[in-house]
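The next block holds one structure in the form of structure tokens; read it before the comments.
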Protein chains: 2
Amino acid sequence: MDKSELLRIIGKRILELREEKNLTQLDLAAKIEGDFDTTNVSRIESGRTNPTIFTLYRIAQALDVKLEDIMKIEIPED
Amino acid sequence: MDKSELLRIIGKRILELREEKNLTQLDLAAKIEGDFDTTNVSRIESGRTNPTIFTLYRIAQALDVKLEDIMKIEIPED
DNA sequence: TCCATACTTGACATTTTTGACAAGTCAAGA
DNA sequence: TCTTGACTTGTCAAAAATGTCAAGTATGGA
């Protein structure tokens, strides 16, 4: 799996989790610890950025899920 | 959990996985797809840097574990 | 049609990761 | 002691994430 595919999958997973909670990007950004903008949510969900683990951790916290839940992705065998 | 604690935990987990496989930092760096230096392994294992998800993914691949296995950390309740 | 909401996209400055190299520490063994 | 291997730490440039704002698109409702 290449970088862009990984980022798309992670982003899609975050989008799914956010929609499960019925949150808008604005709601999510507001729940995230520290400064966070809907711009970043959009960029991450659409796979246009390669977030750091701390950024993902803050997102996981705001979504009330574990960090590993965001990583539970069906990784195509290479 | 604050940022530095998260990074220390993730780093420790990678160190554990690497030692389970009896790899040196040099071995690991060499197995990682694309360019990777032992400097980076050291910085990540010691929690001095906040790696991107793609970097962690490449490390997971080199360690033959799933990305989520690196994230399976006992998260202290806040 | 107009408006509001939700989201995307572009631009920008700041900060940080990444990749590379050199030098330093530290421990084990000849 | 000297050397080797493993790892750490500092510096540096290049690339990229982050944070912020503004503008654009799209949809649905009044």
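Chain labels A, B, ... are given in the sequence in which chains occur in the structure tokens; within each chain residues are numbered consecutively from 1, and ligands are likewise numbered from 1 in the order shown.
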
Exercise for review: Enumerate as an MDAnalysis selection string the residues belonging to chain D that approach chain B to within 9 Å, with only C-alpha atoms (C1' of nucleotides) taken into account.
Suggested key: chainID D and resid 6:8 17

Contact check, chain B to chain A, at most 9 Å, counting only C-alpha atoms, closest pairs as JSON lines:
```
{"residue": "B:Lys3", "atom": "CA", "partner": "A:Phe54", "partner_atom": "CA", "distance": 6.4}
{"residue": "B:Leu6", "atom": "CA", "partner": "A:Phe54", "partner_atom": "CA", "distance": 7.4}
{"residue": "B:Leu7", "atom": "CA", "partner": "A:Phe54", "partner_atom": "CA", "distance": 7.7}
{"residue": "B:Asn50", "atom": "CA", "partner": "A:Thr52", "partner_atom": "CA", "distance": 6.1}
{"residue": "B:Pro51", "atom": "CA", "partner": "A:Thr52", "partner_atom": "CA", "distance": 5.4}
{"residue": "B:Thr52", "atom": "CA", "partner": "A:Thr52", "partner_atom": "CA", "distance": 3.8}
{"residue": "B:Ile53", "atom": "CA", "partner": "A:Thr52", "partner_atom": "CA", "distance": 5.7}
{"residue": "B:Phe54", "atom": "CA", "partner": "A:Lys3", "partner_atom": "CA", "distance": 6.4}
{"residue": "B:Thr55", "atom": "CA", "partner": "A:Thr52", "partner_atom": "CA", "distance": 9.0}
{"residue": "B:Leu56", "atom": "CA", "partner": "A:Ile53", "partner_atom": "CA", "distance": 8.4}
{"residue": "B:Tyr57", "atom": "CA", "partner": "A:Leu6", "partner_atom": "CA", "distance": 8.4}
{"residue": "B:Lys66", "atom": "CA", "partner": "A:Ile75", "partner_atom": "CA", "distance": 8.3}
{"residue": "B:Leu67", "atom": "CA", "partner": "A:Met71", "partner_atom": "CA", "distance": 6.2}
{"residue": "B:Glu68", "atom": "CA", "partner": "A:Glu68", "partner_atom": "CA", "distance": 5.0}
{"residue": "B:Asp69", "atom": "CA", "partner": "A:Glu68", "partner_atom": "CA", "distance": 7.6}
{"residue": "B:Ile70", "atom": "CA", "partner": "A:Glu68", "partner_atom": "CA", "distance": 8.1}
{"residue": "B:Met71", "atom": "CA", "partner": "A:Glu68", "partner_atom": "CA", "distance": 5.0}
{"residue": "B:Lys72", "atom": "CA", "partner": "A:Glu68", "partner_atom": "CA", "distance": 5.9}
{"residue": "B:Ile73", "atom": "CA", "partner": "A:Glu68", "partner_atom": "CA", "distance": 8.3}
{"residue": "B:Ile75", "atom": "CA", "partner": "A:Lys66", "partner_atom": "CA", "distance": 8.2}
```

Check your understanding: If you run DSSP on this backbone, which residues of chain A come out as helix (DSSP H, G or I), and could you give them as a count of residues only?
Key -> 48

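Remark: for chain C, the closest of the candidate residues B:Glu20, B:Asp35, B:Glu5, B:Asp27 is B:Asp35 (distances computed over only C-alpha atoms (C1' of nucleotides)).
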
Practice item. With a cut-off of 8 Å and counting only C-alpha atoms (C1' of nucleotides), select all residues of chain C in contact with chain B and give the selection as a count of residues only. Key: 4

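Interatomic distance, atom C1' of C:DA22 against atom CA of B:Gly11: 24.6 Å.
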
Practice item. Extract, using only C-alpha atoms (C1' of nucleotides), all DNA, RNA and protein residues at most 10 Å from stretch 9-13 of chain C, discarding same-chain residues fewer than 5 positions from it, and format them as a list of chain:residue names. Key: A:Thr39, A:Ser42, A:Arg43, D:DG19, D:DT20, D:DC21, D:DA22, D:DA23, D:DG24, D:DT25

Go ahead and save the picked residues with C-alpha atoms (C1' of nucleotides), as a compact mmCIF listing (two decimals), in the first residue's frame.
```txt
# COMPACT_ATOMS: atom_id res chain seq x y z
CA THR A 39 -9.69 22.96 7.52
CA SER A 42 -11.23 18.27 5.93
CA ARG A 43 -7.64 17.77 4.86
C1' DG D 19 -2.99 26.82 12.41
C1' DT D 20 -5.47 30.66 10.41
C1' DC D 21 -8.15 33.19 7.25
C1' DA D 22 -10.65 33.95 3.06
C1' DA D 23 -13.13 32.42 -0.77
C1' DG D 24 -15.47 28.86 -3.35
C1' DT D 25 -18.88 24.90 -4.05
```

Point to revise | Residue among A:Arg48, A:Arg8, A:Arg18, A:Arg13 lying closest to A:Asp64, counting only C-alpha atoms | key: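 Closest candidate: A:Arg18.
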
Would you mind listing what lies within 12 Å of D:DC2 as a PDB file with N, CA, C and O atoms (P, O5', C5', C4', C3', O3' and C1' of nucleotides), in the first residue's frame, with only C-alpha atoms (C1' of nucleotides) counted and same-chain residues fewer than 2 positions away left out?
```pdb
ATOM      1  P    DG C  29      30.755  -9.819  26.330  1.00  0.00           P
ATOM      2  O5'  DG C  29      32.068  -9.828  25.411  1.00  0.00           O
ATOM      3  C5'  DG C  29      31.940  -9.546  24.016  1.00  0.00           C
ATOM      4  C4'  DG C  29      33.304  -9.407  23.393  1.00  0.00           C
ATOM      5  C3'  DG C  29      34.348 -10.404  23.913  1.00  0.00           C
ATOM      6  O3'  DG C  29      35.127 -10.864  22.819  1.00  0.00           O
ATOM      7  C1'  DG C  29      35.153  -8.217  24.199  1.00  0.00           C
ATOM      8  P    DA C  30      36.112 -12.110  22.981  1.00  0.00           P
ATOM      9  O5'  DA C  30      37.456 -11.566  22.334  1.00  0.00           O
ATOM     10  C5'  DA C  30      37.422 -11.012  21.017  1.00  0.00           C
ATOM     11  C4'  DA C  30      38.706 -10.241  20.757  1.00  0.00           C
ATOM     12  C3'  DA C  30      39.989 -11.034  21.061  1.00  0.00           C
ATOM     13  O3'  DA C  30      40.961 -10.772  20.066  1.00  0.00           O
ATOM     14  C1'  DA C  30      39.927  -9.072  22.392  1.00  0.00           C
TER      15       DA C  30
ATOM     16  P    DT D   4      38.065  -1.565  14.706  1.00  0.00           P
ATOM     17  O5'  DT D   4      36.666  -2.329  14.801  1.00  0.00           O
ATOM     18  C5'  DT D   4      36.561  -3.570  15.514  1.00  0.00           C
ATOM     19  C4'  DT D   4      35.162  -3.692  16.070  1.00  0.00           C
ATOM     20  C3'  DT D   4      34.094  -3.028  15.200  1.00  0.00           C
ATOM     21  O3'  DT D   4      33.170  -4.021  14.791  1.00  0.00           O
ATOM     22  C1'  DT D   4      33.817  -2.455  17.493  1.00  0.00           C
TER      23       DT D   4
END
```

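Across the model, the gap from atom CA of B:Lys12 to atom C1' of D:DC12 is 27.6 Å.
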
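In this model, the gap between atom CA of B:Ile9 and atom CA of A:Ala60 comes to 16.2 Å.
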